[in-house]
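Participant: So I've got this file, run_38.cif, and it contains mmCIF, C-alpha atoms:
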data_my_file
loop_
_atom_site.label_atom_id
_atom_site.label_comp_id
_atom_site.auth_asym_id
_atom_site.auth_seq_id
_atom_site.Cartn_x
_atom_site.Cartn_y
_atom_site.Cartn_z
CA MET A 1 -41.40 -70.93 174.66
CA PHE A 2 -40.10 -67.85 172.85
CA LYS A 3 -41.23 -67.37 169.28
CA GLY A 4 -39.15 -64.22 168.86
CA ALA A 5 -40.06 -62.44 165.66
CA LEU A 6 -41.09 -65.64 163.92
CA LEU A 7 -44.56 -64.21 163.68
CA PHE A 8 -42.94 -61.98 161.06
CA THR A 9 -41.14 -64.57 158.92
CA LEU A 10 -37.82 -64.10 157.20
CA ASN A 11 -39.08 -64.22 153.62
CA MET A 12 -39.13 -60.86 151.87
CA LYS A 13 -42.37 -59.04 152.44
CA SER A 14 -44.47 -56.91 150.16
CA THR A 15 -45.07 -53.23 150.82
CA LYS A 16 -48.51 -54.08 152.16
CA GLU A 17 -47.06 -56.58 154.64
CA ILE A 18 -44.35 -54.16 155.74
CA LEU A 19 -46.98 -51.49 156.34
CA LYS A 20 -49.13 -53.91 158.32
CA PHE A 21 -46.18 -54.56 160.59
CA ALA A 22 -44.94 -50.95 160.65
CA LEU A 23 -48.09 -48.85 161.02
CA PRO A 24 -48.70 -49.71 164.69
CA ALA A 25 -45.11 -48.61 165.44
CA VAL A 26 -45.69 -45.37 163.51
CA ILE A 27 -48.94 -44.73 165.38
CA GLU A 28 -47.25 -45.56 168.70
CA ASN A 29 -44.58 -42.93 168.07
CA PHE A 30 -47.32 -40.51 167.04
CA LEU A 31 -49.17 -41.12 170.29
CA GLN A 32 -46.04 -40.77 172.43
CA MET A 33 -45.36 -37.35 170.93
CA LEU A 34 -49.03 -36.44 171.31
CA MET A 35 -48.54 -36.48 175.09
CA GLY A 36 -46.03 -33.64 174.83
CA LEU A 37 -48.35 -31.73 172.49
CA SER A 38 -51.27 -32.19 174.88
CA ASP A 39 -49.20 -30.79 177.74
CA THR A 40 -48.09 -27.82 175.63
CA PHE A 41 -51.64 -27.13 174.44
CA LEU A 42 -53.07 -27.21 177.96
CA VAL A 43 -50.24 -25.10 179.36
CA THR A 44 -50.82 -22.34 176.79
CA ARG A 45 -53.91 -21.45 178.84
CA LEU A 46 -51.54 -20.56 181.70
CA GLY A 47 -49.47 -18.05 179.69
CA LEU A 48 -46.29 -17.91 177.57
CA ALA A 49 -44.06 -18.26 180.65
CA ALA A 50 -45.68 -21.63 181.40
CA VAL A 51 -45.28 -22.68 177.75
CA ALA A 52 -41.59 -21.76 177.79
CA GLY A 53 -40.99 -23.41 181.18
CA VAL A 54 -42.66 -26.72 180.32
CA SER A 55 -41.03 -26.69 176.87
CA LEU A 56 -37.60 -26.17 178.43
CA ALA A 57 -38.18 -29.06 180.84
CA ASN A 58 -39.52 -31.29 178.07
CA ASN A 59 -36.43 -30.58 175.97
CA ILE A 60 -34.32 -31.91 178.84
CA ILE A 61 -36.65 -34.90 179.25
CA THR A 62 -36.29 -35.72 175.54
CA VAL A 63 -32.61 -36.31 176.23
CA TYR A 64 -33.62 -39.00 178.71
CA GLN A 65 -36.20 -40.37 176.32
CA ALA A 66 -33.57 -40.62 173.61
CA ILE A 67 -31.47 -42.90 175.81
CA PHE A 68 -34.43 -45.18 176.55
CA ILE A 69 -35.46 -45.30 172.89
CA ALA A 70 -31.91 -46.33 172.00
CA LEU A 71 -32.00 -49.09 174.61
CA GLY A 72 -35.42 -50.21 173.37
CA THR A 73 -34.21 -50.26 169.76
CA ILE A 74 -31.18 -52.39 170.57
CA LEU A 75 -33.28 -54.63 172.81
CA SER A 76 -35.71 -55.21 169.93
CA SER A 77 -32.82 -55.94 167.58
CA VAL A 78 -31.16 -58.45 169.93
CA LEU A 79 -34.41 -60.17 170.95
CA ALA A 80 -35.52 -60.42 167.32
CA ARG A 81 -32.50 -62.68 166.79
CA LYS A 82 -32.57 -64.57 170.09
CA MET A 83 -35.41 -64.26 172.59
CA THR A 84 -34.14 -65.69 175.89
CA ARG A 85 -35.12 -65.26 179.52
CA GLN A 86 -31.57 -64.18 180.33
CA MET A 87 -31.75 -61.34 177.78
CA LEU A 88 -35.16 -60.29 179.10
CA ASN A 89 -33.77 -60.12 182.62
CA ALA A 90 -30.68 -58.22 181.45
CA GLY A 91 -32.83 -55.73 179.54
CA MET A 92 -35.06 -55.16 182.57
CA LYS A 93 -32.06 -54.69 184.87
CA LEU A 94 -30.36 -52.20 182.53
CA THR A 95 -33.62 -50.26 182.13
CA MET A 96 -34.17 -50.01 185.88
CA LEU A 97 -30.58 -48.94 186.53
CA LEU A 98 -30.61 -46.27 183.84
CA GLY A 99 -34.08 -44.97 184.66
CA GLY A 100 -33.47 -44.87 188.40
CA PHE A 101 -30.05 -43.24 188.08
CA ILE A 102 -31.28 -40.51 185.71
CA GLY A 103 -34.33 -39.87 187.90
CA ILE A 104 -32.18 -39.39 191.02
CA LEU A 105 -29.80 -37.03 189.18
CA THR A 106 -32.78 -35.01 187.95
CA VAL A 107 -34.14 -34.53 191.45
CA ILE A 108 -30.74 -33.41 192.72
CA PHE A 109 -29.84 -31.10 189.82
CA ALA A 110 -33.24 -29.94 188.49
CA GLN A 111 -32.65 -26.28 189.29
CA ASP A 112 -29.13 -26.34 187.87
CA LEU A 113 -30.30 -28.00 184.65
CA VAL A 114 -33.06 -25.48 184.06
CA TYR A 115 -30.72 -22.57 184.79
CA PHE A 116 -27.93 -24.01 182.62
CA PHE A 117 -30.21 -24.20 179.60
CA GLY A 118 -31.35 -20.61 179.86
CA GLY A 119 -34.33 -20.63 182.21
CA ARG A 120 -34.73 -17.48 184.25
CA GLY A 121 -37.36 -16.01 186.55
CA GLU A 122 -40.87 -17.43 186.22
CA VAL A 123 -39.84 -19.64 183.28
CA ALA A 124 -37.14 -21.28 185.41
CA ALA A 125 -39.47 -21.80 188.38
CA LEU A 126 -42.19 -23.44 186.28
CA GLY A 127 -39.68 -25.51 184.32
CA LYS A 128 -38.06 -26.77 187.52
CA THR A 129 -41.42 -27.84 188.96
CA TYR A 130 -42.34 -29.84 185.85
CA LEU A 131 -38.84 -31.35 185.58
CA LEU A 132 -38.77 -32.45 189.21
CA LEU A 133 -42.04 -34.35 188.90
CA VAL A 134 -41.86 -35.81 185.39
CA GLY A 135 -38.07 -36.14 185.16
CA GLY A 136 -37.78 -37.48 188.70
CA THR A 137 -40.10 -40.38 187.81
CA ILE A 138 -38.58 -40.94 184.38
CA VAL A 139 -38.12 -44.65 185.18
CA LEU A 140 -41.81 -45.01 184.27
CA LEU A 141 -41.07 -43.93 180.70
CA ALA A 142 -37.96 -46.11 180.64
CA LEU A 143 -39.93 -49.22 181.56
CA MET A 144 -42.73 -48.39 179.12
CA THR A 145 -40.18 -48.12 176.31
CA SER A 146 -38.41 -51.40 177.12
CA PHE A 147 -41.63 -53.34 177.69
CA GLY A 148 -42.88 -52.11 174.33
CA ALA A 149 -39.60 -53.15 172.70
CA ILE A 150 -39.87 -56.68 174.11
CA ILE A 151 -43.44 -57.09 172.90
CA ARG A 152 -42.57 -55.63 169.49
CA ALA A 153 -39.62 -58.00 169.06
CA ASN A 154 -42.03 -60.87 169.65
CA GLY A 155 -43.95 -59.81 166.54
CA ASP A 156 -46.69 -57.75 168.23
CA THR A 157 -46.56 -54.06 167.29
CA ARG A 158 -50.17 -53.36 168.26
CA THR A 159 -50.01 -53.74 172.05
CA PRO A 160 -47.42 -50.95 172.53
CA MET A 161 -49.61 -48.79 170.30
CA TYR A 162 -52.65 -49.45 172.49
CA ALA A 163 -50.61 -48.60 175.59
CA SER A 164 -49.59 -45.26 174.11
CA PHE A 165 -53.17 -44.50 173.14
CA PHE A 166 -54.31 -45.37 176.66
CA ALA A 167 -51.61 -43.14 178.20
CA ASN A 168 -52.45 -40.18 175.98
CA LEU A 169 -56.17 -40.34 176.62
CA LEU A 170 -55.63 -40.53 180.38
CA ASN A 171 -53.04 -37.75 180.29
CA LEU A 172 -55.38 -35.41 178.45
CA LEU A 173 -58.31 -36.10 180.77
CA LEU A 174 -56.37 -36.04 184.04
CA SER A 175 -54.31 -32.96 183.15
CA ALA A 176 -57.39 -31.05 182.03
CA ILE A 177 -59.15 -31.84 185.31
CA LEU A 178 -56.13 -30.92 187.40
CA ILE A 179 -55.63 -27.63 185.55
CA PHE A 180 -59.14 -26.34 184.93
CA VAL A 181 -61.10 -27.92 187.78
CA LEU A 182 -58.56 -28.16 190.60
CA HIS A 183 -56.47 -25.20 189.34
CA MET A 184 -53.15 -26.94 189.96
CA GLY A 185 -51.37 -25.30 187.00
CA VAL A 186 -48.08 -26.81 185.82
CA VAL A 187 -48.11 -29.25 188.76
CA GLY A 188 -51.42 -30.62 187.45
CA VAL A 189 -49.96 -31.23 183.99
CA ALA A 190 -47.00 -33.07 185.51
CA LEU A 191 -49.17 -35.23 187.79
CA GLY A 192 -51.42 -36.12 184.87
CA THR A 193 -48.40 -37.29 182.87
CA MET A 194 -47.05 -39.36 185.78
CA ALA A 195 -50.39 -41.04 186.51
CA SER A 196 -51.09 -41.90 182.87
CA ARG A 197 -47.63 -43.45 182.40
CA THR A 198 -48.06 -45.53 185.55
CA LEU A 199 -51.36 -47.01 184.38
CA ALA A 200 -50.06 -47.64 180.84
CA LEU A 201 -47.03 -49.40 182.35
CA LEU A 202 -49.29 -51.70 184.35
CA TYR A 203 -51.15 -52.54 181.14
CA LEU A 204 -47.91 -53.46 179.35
CA TRP A 205 -46.77 -55.60 182.30
CA LYS A 206 -50.06 -57.49 182.17
CA LYS A 207 -49.52 -58.17 178.47
CA LEU A 208 -45.97 -59.36 179.09
CA LYS A 209 -47.25 -61.88 181.63
CA GLU A 210 -49.93 -63.10 179.21
CA LYS A 211 -47.25 -63.73 176.56
CA ASN A 212 -44.87 -65.27 179.14
CA LEU A 213 -42.30 -62.60 178.31
CA GLN A 214 -41.94 -61.03 181.74
CA PRO A 215 -38.53 -60.99 183.46
CA THR A 216 -38.13 -63.26 186.48
CA LYS A 217 -38.47 -61.93 190.03
CA ASP A 218 -34.72 -62.16 190.59
CA PHE A 219 -33.86 -60.28 187.37
CA PHE A 220 -31.46 -57.99 189.25
CA LYS A 221 -29.14 -60.96 189.79
CA GLU A 222 -28.81 -61.41 186.02
CA LYS A 223 -25.51 -60.37 184.51
CA ILE A 224 -25.94 -57.79 181.74
CA SER A 225 -24.44 -59.24 178.57
CA LYS A 226 -21.54 -57.47 176.89
CA GLU A 227 -23.41 -57.57 173.58
CA LEU A 228 -26.30 -55.57 175.00
CA ILE A 229 -23.97 -53.03 176.59
CA PHE A 230 -21.67 -52.63 173.57
CA LEU A 231 -24.62 -52.12 171.23
CA THR A 232 -26.61 -49.89 173.56
CA LEU A 233 -23.82 -47.47 174.51
CA PRO A 234 -23.11 -46.10 171.00
CA ALA A 235 -26.83 -46.15 170.10
CA ALA A 236 -27.61 -44.20 173.27
CA GLY A 237 -24.64 -41.95 172.58
CA GLU A 238 -26.02 -41.17 169.11
CA ARG A 239 -29.42 -40.27 170.51
CA LEU A 240 -27.81 -38.34 173.34
CA ALA A 241 -25.64 -36.36 170.92
CA MET A 242 -28.80 -35.45 169.01
CA ARG A 243 -30.64 -34.27 172.08
CA VAL A 244 -27.67 -32.42 173.59
CA GLY A 245 -27.19 -30.65 170.28
CA ASP A 246 -30.88 -29.73 170.32
CA LEU A 247 -30.50 -28.38 173.84
CA VAL A 248 -27.59 -26.17 172.74
CA ILE A 249 -29.72 -24.99 169.82
CA MET A 250 -32.45 -24.24 172.36
CA VAL A 251 -30.02 -21.95 174.20
CA LEU A 252 -29.41 -20.08 170.93
CA ILE A 253 -33.15 -19.75 170.42
CA ILE A 254 -33.73 -18.52 173.98
CA ALA A 255 -31.26 -15.71 173.24
CA LEU A 256 -33.69 -14.51 170.54
CA GLY A 257 -36.33 -13.76 173.20
CA ASN A 258 -39.18 -15.53 175.00
CA PRO A 259 -41.80 -14.96 172.24
CA VAL A 260 -39.49 -16.54 169.64
CA PHE A 261 -38.65 -19.40 172.00
CA ALA A 262 -42.34 -20.00 172.76
CA GLY A 263 -43.19 -19.88 169.06
CA ASN A 264 -40.40 -22.33 168.28
CA ALA A 265 -41.76 -24.65 170.99
CA ILE A 266 -45.24 -24.44 169.49
CA GLY A 267 -43.89 -25.15 165.99
CA GLU A 268 -41.87 -28.13 167.22
CA SER A 269 -44.90 -29.48 169.10
CA ILE A 270 -46.93 -29.34 165.88
CA THR A 271 -44.20 -30.81 163.65
CA GLN A 272 -43.60 -33.76 165.98
CA PHE A 273 -46.28 -35.52 163.95
CA ASN A 274 -44.26 -34.99 160.80
CA TYR A 275 -41.42 -37.17 162.10
CA MET A 276 -43.51 -40.11 163.30
CA PRO A 277 -43.40 -42.14 160.05
CA ALA A 278 -39.60 -41.86 159.96
CA PHE A 279 -39.16 -42.93 163.58
CA GLY A 280 -41.78 -45.69 163.40
CA LEU A 281 -40.40 -47.22 160.21
CA ALA A 282 -36.84 -46.90 161.55
CA THR A 283 -37.89 -49.16 164.43
CA VAL A 284 -39.15 -51.72 161.93
CA THR A 285 -36.02 -51.31 159.78
CA VAL A 286 -33.81 -52.29 162.73
CA ILE A 287 -35.76 -55.52 163.28
CA LEU A 288 -35.94 -56.47 159.59
CA VAL A 289 -32.27 -55.73 158.89
CA ALA A 290 -31.20 -57.58 162.06
CA GLN A 291 -33.15 -60.68 161.02
CA GLU A 292 -31.84 -60.71 157.45
CA PHE A 293 -28.27 -59.88 158.44
CA GLY A 294 -28.26 -62.91 160.71
CA HIS A 295 -28.98 -64.98 157.59
CA LYS A 296 -26.55 -62.95 155.42
CA ASN A 297 -29.42 -62.05 153.07
CA ILE A 298 -27.94 -58.86 151.60
CA LYS A 299 -30.53 -58.64 148.83
CA ALA A 300 -33.36 -58.56 151.37
CA ILE A 301 -31.55 -55.91 153.44
CA ARG A 302 -31.30 -53.62 150.43
CA PHE A 303 -34.93 -54.28 149.56
CA TYR A 304 -36.19 -53.42 153.04
CA ILE A 305 -34.09 -50.27 153.34
CA THR A 306 -35.38 -48.95 150.02
CA ARG A 307 -39.00 -49.77 150.88
CA THR A 308 -38.95 -48.35 154.39
CA TYR A 309 -37.19 -45.19 153.20
CA TRP A 310 -39.78 -44.41 150.53
CA LEU A 311 -42.69 -45.40 152.72
CA ALA A 312 -41.45 -43.08 155.48
CA SER A 313 -40.71 -40.28 153.01
CA SER A 314 -44.13 -40.51 151.37
CA MET A 315 -45.99 -40.39 154.68
CA MET A 316 -43.77 -37.67 156.11
CA PHE A 317 -44.16 -35.55 152.95
CA ALA A 318 -47.97 -35.82 153.07
CA ILE A 319 -48.13 -34.90 156.76
CA GLY A 320 -45.60 -32.09 156.34
CA LEU A 321 -47.49 -30.58 153.41
CA PHE A 322 -50.71 -30.64 155.42
CA LEU A 323 -48.98 -28.90 158.34
CA VAL A 324 -47.47 -26.22 156.09
CA LEU A 325 -50.83 -25.47 154.48
CA GLY A 326 -52.53 -25.34 157.89
CA SER A 327 -49.67 -23.70 159.80
CA SER A 328 -51.48 -20.42 160.40
CA PHE A 329 -54.60 -22.09 161.78
CA LEU A 330 -52.69 -24.64 163.85
CA SER A 331 -50.33 -22.08 165.38
CA ARG A 332 -53.22 -19.80 166.35
CA LEU A 333 -54.68 -22.62 168.42
CA PHE A 334 -51.76 -22.03 170.79
CA THR A 335 -51.15 -18.28 170.73
CA SER A 336 -52.09 -14.96 169.12
CA ASP A 337 -48.68 -13.34 169.68
CA THR A 338 -47.40 -12.23 166.25
CA THR A 339 -43.72 -12.90 167.00
CA ALA A 340 -44.49 -16.37 168.32
CA LEU A 341 -46.70 -17.09 165.29
CA ALA A 342 -43.93 -16.11 162.87
CA ALA A 343 -41.45 -18.35 164.71
CA SER A 344 -43.89 -21.27 164.61
CA HIS A 345 -44.39 -20.85 160.84
CA THR A 346 -40.61 -20.93 160.33
CA VAL A 347 -40.26 -24.21 162.22
CA ILE A 348 -43.12 -25.86 160.31
CA LEU A 349 -41.71 -24.80 156.91
CA PHE A 350 -38.15 -25.98 157.55
CA SER A 351 -39.42 -29.25 158.99
CA PHE A 352 -41.20 -29.88 155.70
CA LEU A 353 -38.15 -28.96 153.62
CA ALA A 354 -36.05 -31.50 155.55
CA THR A 355 -38.40 -34.42 154.79
CA PHE A 356 -36.22 -36.60 152.56
CA PHE A 357 -33.04 -35.87 154.52
CA VAL A 358 -34.59 -36.79 157.88
CA THR A 359 -36.05 -40.07 156.60
CA GLY A 360 -32.72 -40.93 155.00
CA THR A 361 -30.80 -40.24 158.20
CA THR A 362 -33.17 -42.28 160.39
CA THR A 363 -33.35 -45.16 157.88
CA TYR A 364 -29.60 -45.61 157.51
CA THR A 365 -28.95 -45.10 161.21
CA ALA A 366 -31.43 -47.93 161.85
CA ALA A 367 -29.78 -50.05 159.15
CA PHE A 368 -26.35 -49.70 160.76
CA GLN A 369 -27.81 -50.57 164.16
CA GLY A 370 -29.51 -53.60 162.63
CA ILE A 371 -26.19 -55.01 161.41
CA GLY A 372 -24.59 -54.37 164.79
CA ASN A 373 -22.64 -51.21 163.94
CA ALA A 374 -23.98 -48.44 166.14
CA LYS A 375 -20.66 -46.57 166.32
CA LEU A 376 -20.63 -44.97 162.87
CA PRO A 377 -24.02 -43.25 163.32
CA LEU A 378 -22.71 -41.97 166.67
CA TYR A 379 -19.60 -40.41 165.13
CA THR A 380 -21.60 -38.98 162.23
CA THR A 381 -24.17 -37.44 164.56
CA ILE A 382 -21.52 -35.85 166.78
CA ILE A 383 -19.85 -34.22 163.76
CA GLY A 384 -23.14 -33.14 162.22
CA MET A 385 -24.57 -31.73 165.43
CA LEU A 386 -21.48 -29.93 166.74
CA VAL A 387 -19.94 -28.65 163.52
CA ILE A 388 -22.97 -28.07 161.29
CA ARG A 389 -26.10 -27.72 163.41
CA VAL A 390 -24.60 -25.88 166.39
CA GLY A 391 -21.59 -24.23 164.71
CA LEU A 392 -23.34 -23.07 161.57
CA GLY A 393 -26.48 -22.26 163.55
CA TYR A 394 -24.50 -19.94 165.83
CA VAL A 395 -22.78 -18.21 162.92
CA LEU A 396 -25.99 -17.65 160.95
CA SER A 397 -28.20 -16.64 163.88
CA GLN A 398 -25.78 -14.59 165.97
CA ILE A 399 -23.03 -13.29 163.71
CA PHE A 400 -25.02 -12.80 160.50
CA ALA A 401 -28.23 -12.05 162.46
CA PHE A 402 -30.49 -14.38 160.42
CA GLY A 403 -32.26 -15.27 163.66
CA LEU A 404 -34.43 -18.37 163.84
CA GLU A 405 -34.26 -18.90 160.06
CA GLY A 406 -30.47 -19.21 160.29
CA ILE A 407 -30.72 -21.83 163.03
CA TRP A 408 -33.20 -23.93 161.10
CA PHE A 409 -31.13 -23.70 157.90
CA ALA A 410 -28.26 -25.23 159.88
CA VAL A 411 -30.60 -28.03 161.05
CA LEU A 412 -31.49 -28.70 157.40
CA ALA A 413 -27.82 -28.79 156.40
CA ASP A 414 -26.98 -31.22 159.22
CA ASN A 415 -29.66 -33.70 158.16
CA PHE A 416 -28.48 -33.50 154.53
CA PHE A 417 -24.88 -34.24 155.49
CA ARG A 418 -25.72 -37.22 157.69
CA PHE A 419 -28.10 -38.75 155.14
CA VAL A 420 -25.57 -38.63 152.29
CA PHE A 421 -22.64 -39.82 154.41
CA LEU A 422 -24.47 -42.74 156.05
CA LYS A 423 -25.98 -43.89 152.76
CA LEU A 424 -22.62 -43.98 150.99
CA ARG A 425 -20.92 -45.78 153.88
CA PHE A 426 -23.70 -48.36 154.20
CA GLN A 427 -23.51 -49.16 150.49
CA ARG A 428 -19.77 -49.75 150.86
CA THR A 429 -20.35 -51.90 153.95
CA ILE A 430 -22.89 -54.12 152.23
CA GLN A 431 -20.64 -54.43 149.17
CA HIS A 432 -17.86 -55.60 151.50
CA TYR A 433 -20.09 -58.41 152.83
CA LEU A 434 -20.89 -59.44 149.26
CA GLU A 435 -17.20 -59.81 148.47
CA ILE A 436 -16.21 -61.96 151.48
#
Spit out the file's structure as C-alpha cells when you get a sec.
Facilitator:
Amino acid sequence: MFKGALLFTLNMKSTKEILKFALPAVIENFLQMLMGLSDTFLVTRLGLAAVAGVSLANNIITVYQAIFIALGTILSSVLARKMTRQMLNAGMKLTMLLGGFIGILTVIFAQDLVYFFGGRGEVAALGKTYLLLVGGTIVLLALMTSFGAIIRANGDTRTPMYASFFANLLNLLLSAILIFVLHMGVVGVALGTMASRTLALLYLWKKLKEKNLQPTKDFFKEKISKELIFLTLPAAGERLAMRVGDLVIMVLIIALGNPVFAGNAIGESITQFNYMPAFGLATVTVILVAQEFGHKNIKAIRFYITRTYWLASSMMFAIGLFLVLGSSFLSRLFTSDTTALAASHTVILFSFLATFFVTGTTTYTAAFQGIGNAKLPLYTTIIGMLVIRVGLGYVLSQIFAFGLEGIWFAVLADNFFRFVFLKLRFQRTIQHYLEI
C-alpha cells in the first residue's frame, strides 16, 4: 500500500537526478516566502506603520512556522524509512495538537506578544490585528506543512509546490481586492492569507486521498510514537531557538527607530528568496541521508551532503548577487524613505556575504537530523544565537553604536560558527560509524 520514498530509489543519484527531486522543494519554499513578501508589498501602500506592524506580527508567526517546519522535516524523515498508517495518524494528531494549542495561545496573548516585542501605538494596534487573525488560525499552516511532508516523503515533491503556488496566487488576488476595492486595510491582508491557506489545504487533502495517504477518521485515538516525539522536540527546539533569537534581534532593531526597522523588514522580505535553495535542498538532504543511514551507506551520505551543499551554495550565490546588484531598484518598490532604503541595502548585502555559511549550516543541520541526531544542532543553535548573534549584536549595535551594520555582522559571525562546528562534528560522527 505504501511505497514510501521508493519512487526515489536508494542508489546514488547524479546531480541532475538530485535537482529533479529537489527543485520542486526549493520552489515550494520560494512560494511560501512569497506570501509574506506579497503581504509586505501590499501593506506598504498603507504606510510605514502598517509595514512595521505586519512585519512584527509576521516575525512572531515565523516562530510558529519554524515549529511546523521542524515537525514536517522529521515526519518526512521518519516516513521515508517506514510509511505506515499509524505514523500518518500520529503525525496528524501531533500537528493538530500543536497548531490548535499555539493558535489558542495567540488569541489570548496577542496584545502582550506585540507589546513584548516592541510594538507601540499604531504599529502595535495593526500588528495585533494581523496576529489575531493569521496567528489565531495558524493550524491551517501547520496542516499544510505536514500534508506536504507526507506527500514529499512518498516521493512526490511537485504537489506541495503546486499547493504553495495556488496559495500565493489566491493570497495576492484576494488581499489586493480586500485592500484596494473593499478598503479593509490590514484586516484585508490577513483575511486573504487565511482564505488562501484554507483552499490550498483542501487541495492537499484531496491529493492525500488520491494517494491513499490520508489519516483515518479516528486518528486522534492513535498514540503518538516516542520516536516521533523525541526527534521532533529537539528539531523544533532548534528552529524555535533560531526564531526567538531573531525576535530578540528584532527588538534591537526596533530600538534604532521605525524607519530602520521598516527598512530591515523590506530587506528581509526581499532576501527571503536568497535562502530558498538552502532550505529546499536541506529538506531533500534529510530524506536522502535518512534513507542511506538506514542502510549504513556512509559513502552515499557523504556524496549527497557534498552535492546538496554545493548545489544550494551555487543557487544561493546567483540569487544573492542578483539581489545585491538590484537592491536599489527592488527596495524603492517598497519605499522612498532614505533611512529605510539604507537599512534595506545593508540587509541585502550581508545576506549575500553569508551565502556559504548559511548553506553549510542548513546542510549539516539536515544531515544530523537525517541520522536521528537532532540534539546537537539544537545546542549549537542556542549557543550561536544567544552568545554570538544576540550578545555580539547588542555590543556592536548599542555599545559601539555600529547600528544595523553591527547587528548583521553578528548574524554573519553566528552562521560561520555553526557551519564550521557542525561540519567538524558530523565528519567525526561518520568516521565513528565507519570504525564500528
Participant: Name the residues in contact with Ala50 (chain A) at a cut-off of 10 Å, using all atoms listed in the file, excluding same-chain residues fewer than 5 positions from it; report them as JSON, numbers by chain.
Facilitator: {"A": [40, 42, 43, 44, 45, 55, 56, 122, 123, 124, 125, 126, 127, 130, 185, 186, 262]}
Participant: Neighbouring residues of Leu201 (chain A) were defined as those with any atom within 10 Å, considering all atoms listed in the file; residues of the same chain fewer than 6 positions away were excluded. Please report them as a short mmCIF file (atom, residue, chain, number, x, y, z; two decimals) with C-alpha atoms, keeping the file's coordinate frame.
Facilitator:
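Written out: result.cif:
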data_model
loop_
_atom_site.label_atom_id
_atom_site.label_comp_id
_atom_site.auth_asym_id
_atom_site.auth_seq_id
_atom_site.Cartn_x
_atom_site.Cartn_y
_atom_site.Cartn_z
CA LEU A 140 -41.81 -45.01 184.27
CA LEU A 141 -41.07 -43.93 180.70
CA ALA A 142 -37.96 -46.11 180.64
CA LEU A 143 -39.93 -49.22 181.56
CA MET A 144 -42.73 -48.39 179.12
CA THR A 145 -40.18 -48.12 176.31
CA PHE A 147 -41.63 -53.34 177.69
CA GLY A 148 -42.88 -52.11 174.33
CA PRO A 160 -47.42 -50.95 172.53
CA ALA A 163 -50.61 -48.60 175.59
CA SER A 164 -49.59 -45.26 174.11
CA ALA A 167 -51.61 -43.14 178.20
CA ALA A 195 -50.39 -41.04 186.51
CA LYS A 207 -49.52 -58.17 178.47
#
Participant: Quick one: residues within 12 Å of Lys375 (chain A), all atoms listed in the file, excluding same-chain residues fewer than 5 positions away - as a list in words?
Facilitator: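 These residues fall inside the cut-off: Phe230, Leu231, Thr232, Leu233, Pro234, Ala235, Ala236, Gly237, Glu238, Arg239, Thr365, Ala366, Phe368, Gln369, Gly370, Thr380, Thr381, Ile382 and Leu422 of chain A.
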Participant: At a cut-off of 12 Å around the point (-23.2, -33.6, 162.2) (file coordinates), what residues fall inside when counting all atoms listed in the file? I'd like the answer as a VMD selection string.
Facilitator: chain A and resid 238 241 to 242 245 to 246 361 376 to 393 410 to 422
Participant: To test your reading of the syntax: which residues would the PyMOL selection byres ((chain A and resi 223) around 12) return for the file shown? Reply as a PyMOL selection string.
Facilitator: chain A and resi 85-94+218-222+224-229
Participant: The PyMOL selection byres ((chain A and resi 103-120) around 7) - which residues does that actually catch in the file I just gave you? List them as a list of chain:residue names.
Facilitator: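 After applying the PyMOL selection byres ((chain A and resi 103-120) around 7), what remains is A:Gly99, A:Gly100, A:Phe101, A:Ile102, A:Gly121, A:Glu122, A:Val123, A:Ala124, A:Gly127, A:Lys128, A:Leu131, A:Leu132, A:Gly135, A:Gly136, A:Thr137, A:Ile138, A:Val139, A:Val251, A:Ile254.
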Participant: In Å to one decimal, how far is CA of Thr62 (chain A) from CA of Ile371 (chain A)?
Facilitator: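 Atom-to-atom, CA of Ile371 (chain A) and CA of Thr62 (chain A) are spaced 26.0 Å apart.
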Participant: Mind pulling up the distance from CA of Asn171 (chain A) to CA of Phe334 (chain A)?
Facilitator: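 Value for the CA of Phe334 (chain A)-CA of Asn171 (chain A) distance: 18.4 Å.
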Participant: Which residue gives the smallest distance to Ser269 (chain A) among A:Ile348, A:Leu311, A:Val181, A:Met250, with all atoms listed in the file counted?
Facilitator: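 The closest residue to Ser269 (chain A) is A:Ile348.
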Participant: Evaluate the PyMOL selection byres ((chain A and resi 273-290) around 7) here and jot the selected residues down as an MDAnalysis selection string.
Facilitator: chainID A and resid 22 25:26 29:30 73 76:77 80 270:272 291:294 301 305 308 312 315:316 319:320 359 362:363 366:367 369:371
Participant: Hey, can you check how far CA of Leu23 (chain A) sits from CA of Thr306 (chain A)?
Facilitator: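 Answer for the CA of Leu23 (chain A) to CA of Thr306 (chain A) separation: 16.8 Å.
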Participant: When distances are computed from only C-alpha atoms, which of A:Ile430, A:Tyr162, A:Arg425, A:Lys16 shows the smallest separation from Asn297 (chain A)?
Facilitator: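 Of all the options, A:Ile430 lies closest to Asn297 (chain A).
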